[in-house]
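Colleague: So here's final32.tsv, just TSV, C-alpha atoms:
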chain	number	residue	atom	x	y	z
O	20	MET	CA	-14.76	-12.15	-8.85
O	21	GLU	CA	-17.57	-12.40	-6.34
O	22	ILE	CA	-17.43	-10.17	-3.23
O	23	ILE	CA	-19.30	-11.41	-0.16
O	24	SER	CA	-19.41	-9.66	3.21
O	25	ILE	CA	-18.25	-11.83	6.11
O	26	SER	CA	-21.71	-11.67	7.71
O	27	LYS	CA	-23.33	-12.83	4.45
O	28	ALA	CA	-20.73	-15.61	4.04
O	29	LEU	CA	-21.59	-16.90	7.51
O	30	SER	CA	-25.36	-16.83	6.93
O	31	LYS	CA	-27.25	-20.11	6.60
O	32	THR	CA	-27.98	-19.29	2.97
O	33	ASN	CA	-24.35	-18.82	1.91
O	34	ARG	CA	-22.40	-20.91	4.44
O	35	LYS	CA	-22.74	-24.18	2.47
O	36	LYS	CA	-21.97	-22.40	-0.81
O	37	VAL	CA	-18.74	-20.92	0.60
O	38	ILE	CA	-17.66	-24.27	2.09
O	39	LYS	CA	-18.40	-25.99	-1.24
O	40	SER	CA	-16.27	-23.34	-3.00
O	41	ILE	CA	-13.40	-24.02	-0.57
O	42	ILE	CA	-13.56	-27.75	-1.27
O	43	GLU	CA	-13.76	-27.13	-5.04
O	44	GLY	CA	-10.40	-25.31	-4.93
O	45	LYS	CA	-11.66	-21.78	-5.59
O	46	ILE	CA	-9.16	-18.97	-4.93
O	47	PHE	CA	-10.20	-16.73	-2.03
O	48	VAL	CA	-9.15	-13.40	-0.59
O	49	TYR	CA	-10.29	-13.49	3.01
O	50	PRO	CA	-9.83	-11.77	6.37
O	51	THR	CA	-7.70	-13.20	9.14
O	52	ASP	CA	-7.07	-11.85	12.63
O	53	THR	CA	-4.13	-9.91	11.18
O	54	ILE	CA	-4.36	-8.94	7.47
O	55	TYR	CA	-6.14	-10.20	4.36
O	56	GLY	CA	-4.97	-13.53	3.05
O	57	ILE	CA	-5.17	-15.27	-0.28
O	58	GLY	CA	-5.79	-18.99	-0.17
O	59	CYS	CA	-7.34	-22.19	-1.43
O	60	ASP	CA	-7.60	-25.87	-0.54
O	61	ALA	CA	-4.00	-26.79	0.33
O	62	LEU	CA	-4.55	-30.27	-1.10
O	63	ASN	CA	-5.39	-28.94	-4.57
O	64	GLU	CA	-2.10	-28.75	-6.50
O	65	ASP	CA	-3.58	-26.74	-9.39
O	66	SER	CA	-5.09	-24.10	-7.09
O	67	VAL	CA	-1.90	-23.80	-5.04
O	68	ASN	CA	0.14	-23.32	-8.23
O	69	LYS	CA	-2.32	-20.69	-9.41
O	70	ILE	CA	-1.69	-18.72	-6.18
O	71	ARG	CA	2.06	-19.02	-6.80
O	72	GLU	CA	1.55	-17.52	-10.26
O	73	ILE	CA	-0.78	-14.78	-8.98
O	74	LYS	CA	1.71	-13.73	-6.28
O	75	ASP	CA	4.80	-14.33	-8.43
O	76	ARG	CA	6.14	-16.38	-5.53
O	77	PHE	CA	7.94	-19.54	-6.52
O	78	ASP	CA	10.77	-19.66	-3.99
O	79	LYS	CA	9.18	-19.85	-0.51
O	80	PRO	CA	6.80	-22.32	1.09
O	81	PHE	CA	3.24	-21.30	1.96
O	82	SER	CA	1.64	-21.74	5.37
O	83	VAL	CA	-1.76	-23.27	6.03
O	84	ILE	CA	-4.75	-22.72	8.23
O	85	ALA	CA	-5.20	-25.99	10.12
O	86	PRO	CA	-8.65	-27.56	10.01
O	87	ASN	CA	-8.40	-28.08	13.81
O	88	LYS	CA	-5.94	-28.65	16.65
O	89	PRO	CA	-6.14	-32.49	16.50
O	90	TRP	CA	-4.93	-32.25	12.88
O	91	ILE	CA	-1.88	-30.38	14.18
O	92	TYR	CA	-1.24	-32.85	17.01
O	93	ASN	CA	-1.62	-35.86	14.68
O	94	ASN	CA	0.63	-34.61	11.89
O	95	PHE	CA	3.43	-32.60	13.49
O	96	LYS	CA	5.99	-32.75	16.23
O	97	VAL	CA	4.57	-30.10	18.56
O	98	ASN	CA	5.01	-28.38	21.86
O	99	LYS	CA	1.46	-28.32	23.22
O	100	ARG	CA	2.17	-25.11	25.13
O	101	TYR	CA	2.44	-23.16	21.88
O	102	ILE	CA	-0.44	-24.82	20.06
O	103	GLU	CA	-2.76	-24.01	22.94
O	104	ARG	CA	-2.22	-20.31	22.06
O	105	LEU	CA	-4.30	-20.91	18.94
O	106	PRO	CA	-6.47	-19.43	17.61
O	107	GLY	CA	-4.39	-16.30	17.46
O	108	PRO	CA	-2.03	-14.13	15.40
O	109	PHE	CA	0.75	-16.74	15.21
O	110	THR	CA	2.23	-18.88	12.46
O	111	PHE	CA	4.17	-21.82	13.89
O	112	ILE	CA	6.79	-23.54	11.77
O	113	LEU	CA	6.44	-27.20	12.73
O	114	LYS	CA	8.23	-30.45	11.92
O	115	VAL	CA	6.03	-32.70	9.77
O	116	ILE	CA	5.71	-36.32	11.00
O	117	LYS	CA	3.27	-37.53	8.32
O	118	LYS	CA	3.63	-37.24	4.56
O	119	ASN	CA	1.17	-35.91	1.98
O	120	LEU	CA	-0.56	-33.46	4.32
O	121	VAL	CA	-0.68	-30.83	1.61
O	122	ALA	CA	0.00	-30.52	-2.10
O	123	LYS	CA	3.72	-30.73	-2.93
O	124	SER	CA	3.84	-27.13	-4.14
O	125	VAL	CA	2.74	-25.82	-0.72
O	126	ASN	CA	6.05	-26.55	1.01
O	127	PHE	CA	8.11	-28.24	-1.74
O	128	ASN	CA	8.08	-31.54	0.20
O	129	LEU	CA	10.08	-30.02	3.05
O	130	ASP	CA	9.82	-31.68	6.44
O	131	THR	CA	8.45	-28.44	7.91
O	132	LEU	CA	5.26	-26.45	7.41
O	133	GLY	CA	3.92	-23.15	8.70
O	134	VAL	CA	0.62	-23.68	10.50
O	135	ARG	CA	-1.87	-21.25	11.96
O	136	ILE	CA	-5.45	-20.93	13.17
O	137	PRO	CA	-6.51	-17.29	12.86
O	138	ASP	CA	-8.98	-15.94	15.39
O	139	ASN	CA	-11.49	-14.93	12.71
O	140	GLU	CA	-14.95	-15.94	11.52
O	141	PHE	CA	-13.68	-17.07	8.11
O	142	THR	CA	-11.51	-19.66	9.85
O	143	LYS	CA	-14.70	-21.35	11.07
O	144	LEU	CA	-15.76	-21.91	7.45
O	145	VAL	CA	-12.34	-23.39	6.62
O	146	GLN	CA	-12.63	-25.67	9.63
O	147	GLU	CA	-16.11	-26.78	8.57
O	148	ALA	CA	-14.63	-27.70	5.19
O	149	GLY	CA	-12.23	-29.96	7.15
O	150	ILE	CA	-9.16	-29.35	5.01
O	151	PRO	CA	-5.90	-27.42	5.37
O	152	PHE	CA	-6.17	-24.07	3.58
O	153	ILE	CA	-3.39	-21.89	2.13
O	154	THR	CA	-2.75	-18.72	4.10
O	155	THR	CA	-0.44	-16.14	2.60
O	156	SER	CA	-0.68	-12.38	2.44
O	157	VAL	CA	-2.48	-10.65	-0.42
O	158	ASN	CA	0.39	-8.99	-2.23
O	159	ILE	CA	2.77	-9.36	-5.12
O	160	LYS	CA	6.31	-10.39	-4.19
O	161	ASN	CA	8.17	-7.59	-2.33
O	162	LYS	CA	5.03	-5.40	-1.96
O	163	LYS	CA	3.14	-4.60	1.24
O	164	PRO	CA	0.23	-6.86	2.27
O	165	ILE	CA	-3.26	-5.38	2.17
O	166	THR	CA	-5.62	-4.51	5.02
O	167	SER	CA	-8.65	-3.56	2.89
O	168	ILE	CA	-10.17	-5.25	-0.17
O	169	ASP	CA	-10.19	-1.99	-2.12
O	170	LYS	CA	-6.38	-2.27	-2.14
O	171	ILE	CA	-6.24	-5.68	-3.83
O	172	PRO	CA	-3.69	-5.32	-6.65
O	173	ARG	CA	-5.30	-5.48	-10.09
O	174	LYS	CA	-3.12	-8.46	-11.07
O	175	ILE	CA	-4.53	-10.43	-8.13
O	176	ALA	CA	-8.13	-9.18	-8.42
O	177	LYS	CA	-8.53	-10.50	-11.95
O	178	GLU	CA	-7.42	-14.02	-10.93
O	179	ILE	CA	-9.39	-14.69	-7.74
O	180	ASP	CA	-12.83	-16.25	-7.49
O	181	ILE	CA	-14.23	-15.01	-4.17
O	182	VAL	CA	-13.47	-12.10	-1.83
O	183	ILE	CA	-14.73	-12.23	1.75
O	184	ASP	CA	-15.01	-8.62	2.91
O	185	ALA	CA	-14.65	-7.81	6.60
O	186	GLY	CA	-13.88	-4.12	6.15
O	187	GLU	CA	-10.54	-2.60	7.04
O	188	LEU	CA	-8.21	-4.71	9.18
O	189	LYS	CA	-5.84	-2.80	11.42
O	190	ASN	CA	-3.23	-5.34	12.39
O	191	ASN	CA	0.23	-6.47	11.37
O	192	PRO	CA	1.00	-9.84	9.74
O	193	SER	CA	1.16	-12.84	12.08
O	194	THR	CA	4.19	-13.48	14.27
O	195	ILE	CA	6.16	-16.37	12.77
O	196	ILE	CA	7.74	-18.68	15.34
O	197	ASP	CA	10.01	-21.56	14.33
O	198	LEU	CA	9.38	-24.50	16.68
O	199	THR	CA	11.54	-27.04	14.83
O	200	GLY	CA	14.62	-26.68	17.05
O	201	LYS	CA	15.26	-27.04	20.75
O	202	ILE	CA	14.56	-23.33	21.28
O	203	ALA	CA	11.67	-21.40	19.74
O	204	LYS	CA	12.87	-18.67	17.36
O	205	ILE	CA	10.81	-15.65	16.37
O	206	LEU	CA	11.38	-15.14	12.63
O	207	ARG	CA	9.02	-12.15	12.22
What would you get if you wrote out this structure as structure tokens?
Modeller:
Amino acid sequence: MEIISISKALSKTNRKKVIKSIIEGKIFVYPTDTIYGIGCDALNEDSVNKIREIKDRFDKPFSVIAPNKPWIYNNFKVNKRYIERLPGPFTFILKVIKKNLVAKSVNFNLDTLGVRIPDNEFTKLVQEAGIPFITTSVNIKNKKPITSIDKIPRKIAKEIDIVIDAGELKNNPSTIIDLTGKIAKILR
């Protein structure tokens, strides 16, 4: 496991290396605008399945960080009013209008997908990679998510490739809003 500070990850020297690692399907622990996430290229079935094994989470879909807003507008039925709130601490459950946006194990081929764009520097690296990226909390099923990398559970730490350290994060997980019906519903 390689630990890189967020400032070092964003430097000219490391930026291309981190983006290459994203595209190669490496497993990351990274900061968001809320808590630390664990993720990988959402198109890489093997990497997505590895995260499922690491988290012991086989029953719920994952959400993704969108590579940009046009990707959201082109692939989902959306209410522009909500999407314009991004970047921010929201995960929007959206109706998919195009197939094969992500690996099958991300959302089990459902016609919905959780999408977010965190207001965080790491998101810029994901967006430069130009691919959707898994975003799920760093925790084992039924345990609290972490806000500091020194609290990464041992089971997770031994399986990840890269940790992007931004110090302690002092926020709650993102607000999840289901936008698939006629009325928006706050789920968390």
Colleague: Which residue out of O:Lys201, O:Lys160, O:Lys170, O:Arg135 has the minimum interatomic distance to O:Ile73 when all atoms listed in the file are used?
Modeller: O:Lys160
Colleague: What's around stretch 109-119 of chain O at 7 Å? Count all atoms listed in the file, leave out sequence neighbours fewer than 3 positions away in its own chain, and write the answer as number ranges by chain.
Modeller: O: 94-97, 122, 130-135, 193-199
Colleague: For O:Lys27, find every residue with an atom within 12 Å (counting all atoms listed in the file), except residues of its own chain fewer than 4 positions away, and show them as a PyMOL selection string.
Modeller: chain O and resi 22-23+31-37+140-141+182-185
Colleague: Expressed in Å to a single decimal, how great is the separation between atom CA of O:Ser26 and atom CA of O:Pro106?
Modeller: 19.8 Å
Colleague: Report the distance between atom CA of O:Pro80 and atom CA of O:Lys189 in Å, rounded to one decimal place.
Modeller: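 Distance between the two atoms: 25.4 Å.
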Colleague: What does the structure give for the distance between atom CA of O:Glu147 and atom CA of O:Ser124, in Å to one decimal?
Modeller: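 About the pair atom CA of O:Glu147 and atom CA of O:Ser124: they are 23.7 Å apart.
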Colleague: Can you sort out the box for stretch 83-97 of chain O, edges along x, y and z, all listed atoms in, 4 Å on every side, with centre and edge lengths in Å to one decimal, as AutoDock Vina command-line options?
Modeller:
--center_x -1.3 --center_y -29.3 --center_z 12.3 --size_x 22.6 --size_y 21.1 --size_z 20.5
Colleague: Determine, counting all atoms listed in the file, which protein, DNA and RNA residues have an atom within 7 Å of an atom of stretch 151-156 of chain O; residues of the same chain fewer than 4 positions away are not included. Present the result as a PyMOL selection string.
Modeller: chain O and resi 55-61+81-86+145+164
Colleague: Residues within 6 Å of O:Asp52, please, as a PyMOL selection string. Count only C-alpha atoms; anything in the same chain fewer than 4 positions from it doesn't count.
Modeller: chain O and resi 137-139
Colleague: Measuring atom to atom with all atoms listed in the file, identify which of O:Asn68, O:Ser40, O:Thr51, O:Asn190 is nearest to O:Asn126.
Modeller: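 Smallest distance to O:Asn126 is found for O:Asn68.
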Colleague: Since the input lacks some atoms of stretch 105-124 of chain O, please model N, CA and C atoms and print them as a PDB file, in the coordinates of the input.
Modeller:
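Output file part.pdb is given in full below:
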ATOM      1  N   LEU O 105      -3.439 -21.074  20.110  1.00  0.00           N
ATOM      2  CA  LEU O 105      -4.300 -20.910  18.940  1.00  0.00           C
ATOM      3  C   LEU O 105      -5.768 -21.078  19.331  1.00  0.00           C
ATOM      4  N   PRO O 106      -6.694 -20.356  18.700  1.00  0.00           N
ATOM      5  CA  PRO O 106      -6.470 -19.430  17.610  1.00  0.00           C
ATOM      6  C   PRO O 106      -5.799 -18.148  18.085  1.00  0.00           C
ATOM      7  N   GLY O 107      -5.095 -17.531  17.164  1.00  0.00           N
ATOM      8  CA  GLY O 107      -4.390 -16.300  17.460  1.00  0.00           C
ATOM      9  C   GLY O 107      -3.498 -15.868  16.326  1.00  0.00           C
ATOM     10  N   PRO O 108      -2.818 -14.731  16.490  1.00  0.00           N
ATOM     11  CA  PRO O 108      -2.030 -14.130  15.400  1.00  0.00           C
ATOM     12  C   PRO O 108      -0.621 -14.717  15.260  1.00  0.00           C
ATOM     13  N   PHE O 109      -0.540 -16.043  15.274  1.00  0.00           N
ATOM     14  CA  PHE O 109       0.750 -16.740  15.210  1.00  0.00           C
ATOM     15  C   PHE O 109       0.778 -17.701  14.037  1.00  0.00           C
ATOM     16  N   THR O 110       1.950 -17.811  13.409  1.00  0.00           N
ATOM     17  CA  THR O 110       2.230 -18.880  12.460  1.00  0.00           C
ATOM     18  C   THR O 110       3.367 -19.677  13.069  1.00  0.00           C
ATOM     19  N   PHE O 111       3.134 -20.957  13.318  1.00  0.00           N
ATOM     20  CA  PHE O 111       4.170 -21.820  13.890  1.00  0.00           C
ATOM     21  C   PHE O 111       4.769 -22.688  12.792  1.00  0.00           C
ATOM     22  N   ILE O 112       6.086 -22.650  12.683  1.00  0.00           N
ATOM     23  CA  ILE O 112       6.790 -23.540  11.770  1.00  0.00           C
ATOM     24  C   ILE O 112       7.011 -24.833  12.542  1.00  0.00           C
ATOM     25  N   LEU O 113       6.423 -25.915  12.031  1.00  0.00           N
ATOM     26  CA  LEU O 113       6.440 -27.200  12.730  1.00  0.00           C
ATOM     27  C   LEU O 113       7.095 -28.288  11.888  1.00  0.00           C
ATOM     28  N   LYS O 114       7.630 -29.284  12.564  1.00  0.00           N
ATOM     29  CA  LYS O 114       8.230 -30.450  11.920  1.00  0.00           C
ATOM     30  C   LYS O 114       7.114 -31.430  11.555  1.00  0.00           C
ATOM     31  N   VAL O 115       7.040 -31.779  10.272  1.00  0.00           N
ATOM     32  CA  VAL O 115       6.030 -32.700   9.770  1.00  0.00           C
ATOM     33  C   VAL O 115       6.404 -34.129  10.153  1.00  0.00           C
ATOM     34  N   ILE O 116       5.439 -34.903  10.686  1.00  0.00           N
ATOM     35  CA  ILE O 116       5.710 -36.320  11.000  1.00  0.00           C
ATOM     36  C   ILE O 116       4.938 -37.262  10.079  1.00  0.00           C
ATOM     37  N   LYS O 117       4.010 -36.716   9.284  1.00  0.00           N
ATOM     38  CA  LYS O 117       3.270 -37.530   8.320  1.00  0.00           C
ATOM     39  C   LYS O 117       3.397 -36.900   6.943  1.00  0.00           C
ATOM     40  N   LYS O 118       3.459 -37.719   5.936  1.00  0.00           N
ATOM     41  CA  LYS O 118       3.630 -37.240   4.560  1.00  0.00           C
ATOM     42  C   LYS O 118       2.280 -36.945   3.906  1.00  0.00           C
ATOM     43  N   ASN O 119       2.338 -36.209   2.814  1.00  0.00           N
ATOM     44  CA  ASN O 119       1.170 -35.910   1.980  1.00  0.00           C
ATOM     45  C   ASN O 119       0.058 -35.165   2.706  1.00  0.00           C
ATOM     46  N   LEU O 120       0.433 -34.276   3.605  1.00  0.00           N
ATOM     47  CA  LEU O 120      -0.560 -33.460   4.320  1.00  0.00           C
ATOM     48  C   LEU O 120      -1.133 -32.382   3.431  1.00  0.00           C
ATOM     49  N   VAL O 121      -0.315 -31.923   2.507  1.00  0.00           N
ATOM     50  CA  VAL O 121      -0.680 -30.830   1.610  1.00  0.00           C
ATOM     51  C   VAL O 121      -0.104 -31.126   0.229  1.00  0.00           C
ATOM     52  N   ALA O 122      -0.556 -30.381  -0.760  1.00  0.00           N
ATOM     53  CA  ALA O 122       0.000 -30.520  -2.100  1.00  0.00           C
ATOM     54  C   ALA O 122       1.506 -30.235  -2.063  1.00  0.00           C
ATOM     55  N   LYS O 123       2.261 -30.885  -2.919  1.00  0.00           N
ATOM     56  CA  LYS O 123       3.720 -30.730  -2.930  1.00  0.00           C
ATOM     57  C   LYS O 123       4.168 -29.286  -3.091  1.00  0.00           C
ATOM     58  N   SER O 124       3.427 -28.510  -3.881  1.00  0.00           N
ATOM     59  CA  SER O 124       3.840 -27.130  -4.140  1.00  0.00           C
ATOM     60  C   SER O 124       3.589 -26.186  -2.962  1.00  0.00           C
TER      61      SER O 124
END
